[in-house]
file upload-v1.cif (mmCIF, C-alpha atoms and all ligand atoms)
data_my_file
loop_
_atom_site.label_atom_id
_atom_site.label_comp_id
_atom_site.auth_asym_id
_atom_site.auth_seq_id
_atom_site.Cartn_x
_atom_site.Cartn_y
_atom_site.Cartn_z
CA MET I 106 -10.45 15.17 -21.05
CA SER I 107 -10.56 13.13 -17.90
CA MET I 108 -7.46 13.15 -15.73
CA LEU I 109 -8.70 10.50 -13.31
CA PHE I 110 -7.97 7.71 -15.76
CA GLU I 111 -4.59 8.99 -16.85
CA PRO I 112 -1.56 6.90 -15.89
CA PHE I 113 0.81 8.26 -13.26
CA THR I 114 4.30 7.29 -12.14
CA LEU I 115 4.75 7.36 -8.38
CA ALA I 116 8.43 7.03 -7.54
CA GLY I 117 8.84 4.49 -10.32
CA ILE I 118 5.54 2.65 -9.67
CA GLU I 119 3.55 2.77 -12.89
CA LEU I 120 -0.08 3.37 -11.97
CA ASP I 121 -2.85 2.82 -14.53
CA ASN I 122 -4.84 5.75 -13.19
CA ARG I 123 -5.01 8.38 -10.43
CA MET I 124 -7.18 6.45 -8.00
CA VAL I 125 -5.81 5.00 -4.76
CA ARG I 126 -7.35 2.70 -2.19
CA SER I 127 -6.46 4.47 1.03
CA ALA I 128 -5.21 2.20 3.81
CA THR I 129 -8.23 0.45 5.28
CA TYR I 130 -8.05 -2.06 8.10
CA GLU I 131 -10.21 -5.07 7.18
CA LYS I 132 -10.25 -7.33 10.28
CA LEU I 133 -9.51 -10.15 7.88
CA ALA I 134 -6.07 -11.34 8.94
CA ASP I 135 -6.15 -14.35 11.26
CA VAL I 136 -5.88 -13.88 15.03
CA ASP I 137 -2.09 -13.99 14.77
CA GLY I 138 -1.97 -11.41 11.99
CA PHE I 139 -1.29 -13.75 9.07
CA VAL I 140 -2.80 -13.10 5.65
CA THR I 141 -5.89 -15.25 5.04
CA GLU I 142 -7.62 -16.46 1.89
CA GLU I 143 -10.46 -13.99 2.58
CA LEU I 144 -7.98 -11.10 2.59
CA ILE I 145 -6.52 -12.30 -0.70
CA VAL I 146 -10.00 -12.51 -2.23
CA LEU I 147 -10.70 -8.92 -1.16
CA TYR I 148 -7.41 -7.60 -2.57
CA ARG I 149 -7.94 -9.48 -5.80
CA SER I 150 -11.34 -7.83 -6.15
CA LEU I 151 -9.81 -4.40 -5.49
CA ALA I 152 -7.13 -5.00 -8.13
CA LYS I 153 -9.71 -6.32 -10.59
CA GLY I 154 -11.93 -3.36 -9.74
CA GLY I 155 -9.47 -1.04 -11.41
CA VAL I 156 -7.94 1.05 -8.63
CA GLY I 157 -4.49 2.35 -9.65
CA LEU I 158 -2.81 1.72 -6.29
CA ILE I 159 -3.85 -0.29 -3.24
CA ILE I 160 -2.54 0.72 0.16
CA THR I 161 -3.06 -2.12 2.63
CA GLY I 162 -4.75 -1.87 5.97
CA ASN I 163 -2.25 -0.91 8.66
CA ALA I 164 0.34 -3.61 9.31
CA LEU I 165 1.86 -3.97 12.75
CA VAL I 166 5.61 -3.40 13.08
CA HIS I 167 6.00 -4.20 16.79
CA VAL I 168 3.85 -6.20 19.23
CA SER I 169 3.72 -3.29 21.68
CA GLY I 170 1.69 -1.33 19.12
CA ARG I 171 -1.19 -3.71 18.46
CA SER I 172 -4.20 -1.43 18.18
CA VAL I 173 -6.99 -3.58 16.69
CA PRO I 174 -7.77 -7.30 16.31
CA GLN I 175 -6.95 -9.30 13.18
CA ALA I 176 -4.87 -6.64 11.48
CA ILE I 177 -2.01 -7.70 9.23
CA CYS I 178 1.28 -8.20 11.09
CA ILE I 179 4.82 -7.76 9.80
CA HIS I 180 6.85 -7.73 13.00
CA ASN I 181 8.51 -11.05 12.26
CA ASP I 182 10.03 -12.78 9.23
CA PHE I 183 7.38 -15.51 9.66
CA TYR I 184 4.84 -13.24 8.00
CA ILE I 185 6.69 -12.78 4.71
CA ASP I 186 5.56 -15.96 2.91
CA LYS I 187 1.84 -15.27 3.26
CA LEU I 188 2.28 -11.57 2.50
CA LYS I 189 3.94 -12.67 -0.73
CA LYS I 190 0.74 -14.48 -1.66
CA LEU I 191 -1.12 -11.20 -1.24
CA THR I 192 1.25 -9.20 -3.45
CA TYR I 193 1.27 -12.02 -6.00
CA ALA I 194 -2.55 -11.99 -6.21
CA VAL I 195 -2.59 -8.21 -6.77
CA HIS I 196 0.25 -8.19 -9.29
CA LYS I 197 -1.36 -11.03 -11.22
CA LYS I 198 -4.37 -8.76 -11.78
CA SER I 199 -1.99 -5.96 -12.86
CA GLY I 200 -2.52 -4.07 -9.61
CA LYS I 201 0.03 -2.18 -7.51
CA ILE I 202 0.27 -2.54 -3.75
CA VAL I 203 1.94 -0.59 -0.95
CA LEU I 204 2.06 -1.82 2.66
CA GLN I 205 1.12 0.61 5.43
CA LEU I 206 3.29 0.32 8.56
CA VAL I 207 1.94 1.22 11.97
CA HIS I 208 2.59 1.25 15.68
CA GLY I 209 -0.67 2.04 17.48
CA GLY I 210 0.98 4.06 20.27
CA ARG I 211 -1.51 5.74 22.55
CA GLN I 212 -4.58 4.42 20.71
CA CYS I 213 -4.41 0.68 21.27
CA PHE I 214 -7.71 -0.93 22.28
CA PRO I 215 -7.19 -2.14 25.89
CA SER I 216 -8.16 -5.70 24.93
CA MET I 217 -5.20 -5.77 22.50
CA LEU I 218 -2.44 -5.35 25.04
CA GLY I 219 -3.51 -7.65 27.84
CA ALA I 220 -2.46 -6.13 31.13
CA GLU I 221 0.07 -3.79 29.49
CA GLN I 222 -0.39 -0.04 29.23
CA PRO I 223 -0.21 1.44 25.73
CA LEU I 224 3.10 3.11 24.89
CA ALA I 225 3.43 6.76 23.91
CA PRO I 226 5.92 9.61 24.15
CA SER I 227 4.19 10.98 27.28
CA GLU I 228 1.57 10.23 29.89
CA VAL I 229 -1.40 11.99 28.26
CA TYR I 230 -4.81 10.47 29.00
CA GLU I 231 -6.71 9.14 25.96
CA PRO I 232 -10.41 9.79 26.58
CA THR I 233 -12.04 7.59 23.92
CA LEU I 234 -10.35 4.38 25.08
CA LYS I 235 -10.06 5.71 28.63
CA MET I 236 -6.41 4.77 28.97
CA THR I 237 -3.32 6.60 30.11
CA PRO I 238 -0.26 5.47 28.18
CA ARG I 239 3.16 4.85 29.65
CA PRO I 240 6.00 7.07 28.41
CA MET I 241 8.50 5.04 26.39
CA THR I 242 12.05 4.59 27.56
CA ASP I 243 14.89 5.51 25.25
CA GLU I 244 15.55 1.83 24.67
CA GLU I 245 11.93 1.17 23.73
CA ILE I 246 11.95 4.10 21.32
CA TRP I 247 15.05 2.82 19.51
CA GLY I 248 13.54 -0.67 19.48
CA VAL I 249 10.41 0.56 17.67
CA ILE I 250 12.50 2.61 15.22
CA GLU I 251 14.45 -0.51 14.35
CA ALA I 252 11.17 -2.42 14.02
CA PHE I 253 9.94 0.06 11.38
CA GLY I 254 13.15 -0.52 9.41
CA ASP I 255 12.88 -4.30 9.74
CA ALA I 256 9.23 -4.23 8.67
CA ALA I 257 10.07 -2.17 5.57
CA ARG I 258 12.75 -4.69 4.61
CA ARG I 259 10.22 -7.54 5.01
CA ALA I 260 7.73 -5.61 2.86
CA MET I 261 10.34 -5.35 0.13
CA TYR I 262 11.09 -9.08 0.38
CA ALA I 263 7.35 -9.78 0.16
CA ASP I 264 7.27 -7.88 -3.16
CA PHE I 265 5.26 -4.87 -2.09
CA ASP I 266 5.75 -1.99 -4.52
CA GLY I 267 6.53 0.32 -1.62
CA ILE I 268 5.61 1.16 1.95
CA GLN I 269 3.61 3.89 3.64
CA ILE I 270 4.46 5.08 7.15
CA HIS I 271 1.25 5.65 9.11
CA GLY I 272 2.09 9.07 10.49
CA ALA I 273 -1.51 10.18 11.01
CA HIS I 274 -4.70 9.65 13.07
CA GLY I 275 -3.22 9.57 16.58
CA TYR I 276 -0.96 6.52 16.33
CA LEU I 277 2.62 6.46 17.56
CA VAL I 278 4.36 8.51 14.84
CA ASN I 279 1.68 11.18 15.17
CA ASN I 280 1.97 10.97 18.98
CA PHE I 281 5.61 12.03 18.72
CA LEU I 282 4.91 14.80 16.19
CA SER I 283 2.00 16.29 18.10
CA PRO I 284 2.59 18.85 20.87
CA HIS I 285 -0.67 17.57 22.40
CA THR I 286 0.72 14.09 23.07
CA ASN I 287 4.47 14.72 23.18
CA LYS I 288 5.43 16.54 26.38
CA ARG I 289 8.98 15.21 26.53
CA THR I 290 11.97 17.42 27.10
CA ASP I 291 14.70 15.05 25.90
CA TYR I 292 15.97 14.28 22.37
CA TRP I 293 12.40 13.21 21.43
CA GLY I 294 10.45 16.31 22.41
CA GLY I 295 10.41 19.82 23.77
CA ASP I 296 10.31 21.75 20.52
CA GLU I 297 9.29 21.21 16.93
CA GLU I 298 12.65 19.94 15.80
CA ARG I 299 12.92 17.41 18.60
CA ARG I 300 9.32 16.21 18.14
CA PHE I 301 10.36 15.40 14.56
CA HIS I 302 13.30 13.24 15.68
CA PHE I 303 11.26 10.03 16.08
CA LEU I 304 9.88 10.20 12.54
CA GLU I 305 13.27 11.26 11.21
CA GLU I 306 14.92 8.21 12.79
CA VAL I 307 12.10 5.94 11.57
CA PHE I 308 12.56 7.29 8.05
CA LYS I 309 16.32 6.83 8.18
CA ALA I 310 15.98 3.29 9.57
CA ILE I 311 13.64 2.44 6.69
CA ARG I 312 15.94 3.94 4.04
CA LYS I 313 18.88 2.07 5.56
CA GLU I 314 17.02 -1.20 5.03
CA VAL I 315 15.38 -0.60 1.65
CA GLY I 316 17.84 1.74 -0.04
CA ASP I 317 17.30 5.07 -1.75
CA HIS I 318 15.05 3.93 -4.58
CA TYR I 319 12.32 1.90 -2.88
CA PRO I 320 9.09 3.96 -2.73
CA VAL I 321 8.45 5.33 0.76
CA LEU I 322 5.20 7.22 1.36
CA ILE I 323 3.64 8.72 4.46
CA LYS I 324 0.10 9.44 5.61
CA LEU I 325 0.30 12.59 7.69
CA ASN I 326 -2.13 14.69 9.67
CA SER I 327 -2.46 18.16 8.23
CA ALA I 328 -3.89 18.92 11.68
CA ASP I 329 -4.97 16.95 14.75
CA PHE I 330 -8.02 19.16 15.40
CA VAL I 331 -7.49 19.22 19.17
CA ALA I 332 -6.41 22.20 21.26
CA GLY I 333 -2.63 22.28 21.38
CA GLY I 334 -2.32 19.60 18.71
CA LEU I 335 -0.42 19.51 15.45
CA ALA I 336 -1.51 22.33 13.13
CA ILE I 337 -1.00 22.79 9.44
CA ASP I 338 2.01 25.11 9.44
CA GLU I 339 4.07 22.67 11.48
CA SER I 340 2.76 19.77 9.42
CA LEU I 341 3.93 21.49 6.22
CA ARG I 342 7.39 21.94 7.71
CA ILE I 343 7.43 18.25 8.67
CA ALA I 344 6.56 17.32 5.09
CA LYS I 345 9.28 19.60 3.75
CA ARG I 346 11.86 18.01 6.04
CA LEU I 347 10.76 14.56 4.87
CA GLU I 348 10.98 15.64 1.25
CA ASP I 349 14.55 16.75 1.88
CA LEU I 350 15.30 13.36 3.43
CA GLY I 351 13.99 11.54 0.34
CA LEU I 352 10.29 10.87 0.91
CA ASP I 353 8.37 9.99 -2.26
CA ALA I 354 4.76 10.87 -1.52
CA ILE I 355 2.47 12.23 1.13
CA GLU I 356 -1.18 11.44 1.75
CA VAL I 357 -2.86 14.35 3.49
CA SER I 358 -5.31 13.48 6.26
CA GLY I 359 -6.16 14.74 9.76
CA GLY I 360 -7.79 14.05 13.11
CA ILE I 361 -7.17 11.67 16.01
CA TYR I 362 -9.59 9.47 18.00
CA GLU I 363 -10.46 12.20 20.49
CA SER I 364 -10.79 15.09 18.02
CA GLU I 365 -14.16 16.36 16.99
CA LEU I 366 -13.16 16.52 13.33
CA LYS I 367 -12.18 12.98 12.38
CA SER I 368 -10.25 11.40 9.54
CA ALA I 369 -13.45 9.67 8.37
CA ARG I 370 -16.26 12.20 8.67
CA THR I 371 -20.00 11.67 8.44
CA ASN I 372 -22.86 13.93 7.30
CA ILE I 373 -21.50 14.48 3.83
CA LYS I 374 -24.62 15.39 1.95
CA THR I 375 -23.42 17.76 -0.78
CA VAL I 376 -20.47 17.81 -3.17
CA GLU I 377 -19.18 20.87 -1.32
CA GLN I 378 -18.83 18.74 1.83
CA GLU I 379 -16.75 16.12 0.01
CA ALA I 380 -12.93 16.30 -0.07
CA TYR I 381 -12.71 17.94 3.34
CA PHE I 382 -8.89 17.99 3.27
CA ARG I 383 -8.77 19.76 -0.08
CA GLU I 384 -7.56 23.11 1.25
CA ALA I 385 -4.86 21.36 3.24
CA ALA I 386 -3.81 19.15 0.30
CA SER I 387 -3.60 22.21 -1.90
CA ARG I 388 -1.12 23.82 0.50
CA PHE I 389 1.04 20.69 0.55
CA LYS I 390 0.89 20.55 -3.24
CA LYS I 391 2.03 24.16 -3.52
CA GLU I 392 4.95 23.77 -1.13
CA LEU I 393 6.26 20.33 -2.09
CA ASN I 394 7.72 18.78 -5.20
CA ILE I 395 6.75 15.20 -4.32
CA THR I 396 3.48 13.39 -5.07
CA VAL I 397 0.52 14.59 -3.02
CA ILE I 398 -2.43 12.26 -2.39
CA ILE I 399 -5.71 13.60 -1.06
CA VAL I 400 -8.10 11.52 1.04
CA GLY I 401 -11.30 12.19 2.94
CA GLY I 402 -14.92 12.18 1.89
CA ILE I 403 -14.47 12.03 -1.87
CA ARG I 404 -17.42 10.25 -3.49
CA SER I 405 -18.13 12.04 -6.77
CA LYS I 406 -16.16 11.60 -9.96
CA ALA I 407 -16.62 15.29 -10.76
CA VAL I 408 -15.09 16.31 -7.42
CA ALA I 409 -12.10 14.03 -8.00
CA GLU I 410 -11.61 15.37 -11.53
CA LYS I 411 -11.81 18.97 -10.35
CA ILE I 412 -9.16 18.42 -7.67
CA LEU I 413 -6.78 16.97 -10.27
CA LYS I 414 -7.52 19.59 -12.90
CA GLU I 415 -7.06 22.45 -10.48
CA GLY I 416 -3.76 20.97 -9.32
CA ASP I 417 -4.64 20.47 -5.65
CA ALA I 418 -3.40 16.86 -5.61
CA ASP I 419 -1.82 14.27 -7.89
CA LEU I 420 -3.79 11.23 -6.75
CA ILE I 421 -7.23 10.69 -5.21
CA SER I 422 -7.64 8.25 -2.34
CA PHE I 423 -10.82 6.44 -1.32
CA SER I 424 -11.45 4.25 1.70
CA ARG I 425 -15.13 3.85 2.62
CA PRO I 426 -16.42 4.02 -0.98
CA LEU I 427 -14.25 1.01 -1.84
CA ILE I 428 -15.46 -0.96 1.19
CA ARG I 429 -18.87 -0.79 -0.37
CA GLU I 430 -17.81 -1.03 -4.03
CA PRO I 431 -14.33 -2.48 -4.55
CA ASP I 432 -14.90 -2.03 -8.31
CA LEU I 433 -15.82 1.66 -8.06
CA PRO I 434 -12.90 2.77 -10.29
CA ASN I 435 -14.15 0.57 -13.14
CA LYS I 436 -17.68 1.80 -12.57
CA PHE I 437 -16.46 5.41 -12.75
CA LYS I 438 -14.77 4.55 -16.02
CA GLU I 439 -17.97 3.04 -17.35
CA GLY I 440 -19.89 6.22 -16.60
CA LYS I 441 -20.99 6.05 -12.98
CA GLU I 442 -20.83 9.52 -11.43
CA LYS I 443 -21.06 8.91 -7.70
CA ALA I 444 -20.13 6.23 -5.20
CA ASP I 445 -22.98 4.45 -3.39
CA CYS I 446 -21.23 5.00 -0.03
CA ILE I 447 -23.04 7.53 2.17
CA SER I 448 -20.15 8.04 4.66
CA CYS I 449 -22.29 6.76 7.55
CA ASN I 450 -19.33 5.05 9.28
CA GLY I 451 -21.26 1.84 9.88
CA CYS I 452 -18.09 0.11 8.66
CA MET I 453 -16.21 1.71 11.56
CA ARG I 454 -18.15 -0.33 14.12
CA PHE I 455 -15.72 -3.12 13.44
CA MET I 456 -15.34 -4.19 17.06
CA LYS I 457 -18.97 -5.39 16.82
CA LEU I 458 -18.67 -6.79 13.27
CA ASP I 459 -17.00 -10.03 12.16
CA MET I 460 -15.09 -7.99 9.58
CA VAL I 461 -15.00 -4.46 8.21
CA LYS I 462 -17.92 -4.20 5.82
CA CYS I 463 -20.59 -1.84 4.57
CA THR I 464 -23.54 -2.03 6.96
CA GLN I 465 -25.86 -0.34 4.44
CA LEU I 466 -25.63 -3.18 1.96
CA GLY I 467 -28.68 -5.38 2.08
CA LYS I 468 -30.76 -2.68 3.78
CA GLU I 469 -33.96 -1.74 2.03
CA GLY I 470 -33.39 0.54 -0.92
CA ASN I 471 -29.71 -0.35 -1.19
C1 LIG I 501 -13.08 0.79 8.47
C2 LIG I 501 -11.95 1.75 8.27
C3 LIG I 501 -10.64 1.34 8.49
C4 LIG I 501 -9.58 2.24 8.30
N1 LIG I 501 -8.31 1.80 8.46
C5 LIG I 501 -7.28 2.66 8.22
C6 LIG I 501 -5.93 2.20 8.28
O1 LIG I 501 -5.65 1.03 8.53
N2 LIG I 501 -4.97 3.11 8.05
C7 LIG I 501 -5.24 4.42 7.73
O2 LIG I 501 -4.32 5.19 7.51
N3 LIG I 501 -6.50 4.86 7.67
C8 LIG I 501 -7.52 4.02 7.87
N4 LIG I 501 -8.79 4.46 7.74
C9 LIG I 501 -9.04 5.85 7.29
C10 LIG I 501 -9.20 5.92 5.78
O3 LIG I 501 -8.04 5.48 5.10
C11 LIG I 501 -9.49 7.35 5.29
O4 LIG I 501 -8.43 8.20 5.66
C12 LIG I 501 -10.81 7.89 5.84
O5 LIG I 501 -11.79 6.89 5.92
C13 LIG I 501 -11.36 9.02 4.95
O6 LIG I 501 -11.50 8.62 3.62
P1 LIG I 501 -12.91 8.16 2.97
O7 LIG I 501 -13.86 9.30 3.16
O8 LIG I 501 -12.61 7.88 1.54
O9 LIG I 501 -13.37 6.97 3.71
C14 LIG I 501 -9.86 3.58 7.90
C15 LIG I 501 -11.18 3.98 7.69
C16 LIG I 501 -12.22 3.08 7.85
C17 LIG I 501 -13.63 3.54 7.57
#
call {"tool": "encode", "arguments": {"input": "upload-v1.cif", "output": "structure tokens", "more": "lines below"}}
Ligand SMILES: Cc1cc2nc3c(=O)[nH]c(=O)nc-3n(C[C@H](O)[C@H](O)[C@H](O)COP(=O)(O)O)c2cc1C
result
Amino acid sequence: MSMLFEPFTLAGIELDNRMVRSATYEKLADVDGFVTEELIVLYRSLAKGGVGLIITGNALVHVSGRSVPQAICIHNDFYIDKLKKLTYAVHKKSGKIVLQLVHGGRQCFPSMLGAEQPLAPSEVYEPTLKMTPRPMTDEEIWGVIEAFGDAARRAMYADFDGIQIHGAHGYLVNNFLSPHTNKRTDYWGGDEERRFHFLEEVFKAIRKEVGDHYPVLIKLNSADFVAGGLAIDESLRIAKRLEDLGLDAIEVSGGIYESELKSARTNIKTVEQEAYFREAASRFKKELNITVIIVGGIRSKAVAEKILKEGDADLISFSRPLIREPDLPNKFKEGKEKADCISCNGCMRFMKLDMVKCTQLGKEGN
């Protein structure tokens, strides 16, 4: 019996199956971050394609955290009306949709911030973008915390089924959690408990705005994969603390821009190389009572089924495979065994592309 197509209730959201579209930036909002018709068309095709839950590309909560061009914005009430059109389109196709909230922190492309330096907990050079961020003042920190809460309230007004805090991949929340990027010695850093304070306050600000029953998820690094970075034991304790505070689900990921092991890895040639966060997800699943979502390199139906059957995660997330085939879940259901995606990361060269898309499509043999 297949588990992948079984329904699942995630904090009250009734999902048709166990497949999730992991947050994937599309470069399809307009230059001011408003939802466009093209974005709606894409989300409609994802919902029609059968995925149980769609997590949006990262949506910006505060202008100081703009990391990439044409991402969805939610830092102002102005955005709500068009976001509502997006949720309406998904719900009309019986889909479910969660908005991912982000502040880019230390990893904002220089062209995104004009003459401003990126903001981060501490002044730790970022080698891929070749920028040194400016440590945030106390006032700036509280301002961004409030912005997360405000954004969550807007998401609720725009009829999203829930929100996901982007706590992974080297953006601001991860910057505060990670001993590699947080060198502060005040309330916001210095030891594990204090490094957690920023996320704790963000979580509380969100709950204050949306109440106790609105689904709140997080994407968290199991590890940063840099020397002195966040490692799995601390990450498990972070997740446990969040569970105690009332978190509903965790998506287990890893890696930051400068790490050798990335969140989206290449050279996945065998089924054994798929699901590269499986061991980590399994540990979260064992230690937590909330929903655990696994992401990272999953392309085969058999691999996804095995993870569910062996109890290493509750839900299976896909990003790159759905860029190439938004209807992959339906295809799996109809008997397809493996995604066409080859994890080449051509889609990641978005600064050179007009939008995020599969660069293999249209090539000979594809
Ligand atoms: C083009 C692209 C955009 C992405 N955008 C986001 C994002 O906005 N938020 C996020 O948490 N992860 C983002 N990711 C990471 C994916 O959600 C996922 O964690 C990673 O690609 C591994 O999963 P996969 O092997 O199924 O692609 C992105 C990945 C790609 C390839």
call {"tool": "atom_distance", "arguments": {"input": "upload-v1.cif", "atom1": "CA of Val315 (chain I)", "atom2": "CA of Ala257 (chain I)"}}
result
6.8 Å
call {"tool": "residues_near_ligand", "arguments": {"input": "upload-v1.cif", "ligand": "ligand LIG 501 (chain I)", "cutoff": "7 Å", "atoms": "all atoms listed in the file", "output": "list in words"}}
result
Ser127, Ala128, Thr129, Tyr130, Glu131, Gly162, Asn163, His271, Ala273, Lys324, Ser358, Ser368, Ala369, Arg370, Val400, Gly401, Gly402, Ile403, Ser422, Phe423, Ser424, Arg425, Pro426, Ser448, Asn450, Cys452, Met453, Phe455 and Val461 of chain I
call {"tool": "residues_near_point", "arguments": {"input": "upload-v1.cif", "point": "(1.8, 19.3, 11.9)", "cutoff": "6 Å", "atoms": "only C-alpha atoms", "output": "PyMOL selection string"}}
result
chain I and resi 327-328+335-337+339-340
call {"tool": "write_last_selection", "arguments": {"input": "upload-v1.cif", "atoms": "C-alpha atoms", "output": "short mmCIF file (atom, residue, chain, number, x, y, z; two decimals), in the coordinates of the input"}}
result
data_model
loop_
_atom_site.label_atom_id
_atom_site.label_comp_id
_atom_site.auth_asym_id
_atom_site.auth_seq_id
_atom_site.Cartn_x
_atom_site.Cartn_y
_atom_site.Cartn_z
CA SER I 327 -2.46 18.16 8.23
CA ALA I 328 -3.89 18.92 11.68
CA LEU I 335 -0.42 19.51 15.45
CA ALA I 336 -1.51 22.33 13.13
CA ILE I 337 -1.00 22.79 9.44
CA GLU I 339 4.07 22.67 11.48
CA SER I 340 2.76 19.77 9.42
#
call {"tool": "closest_residue", "arguments": {"input": "upload-v1.cif", "among": "I:Gly467, I:Asp353, I:Ser150, I:Asn280", "to": "His318 (chain I)", "atoms": "all atoms listed in the file"}}
result
I:Asp353
call {"tool": "atom_distance", "arguments": {"input": "upload-v1.cif", "atom1": "CA of Leu304 (chain I)", "atom2": "CA of Ile421 (chain I)"}}
result
24.7 Å
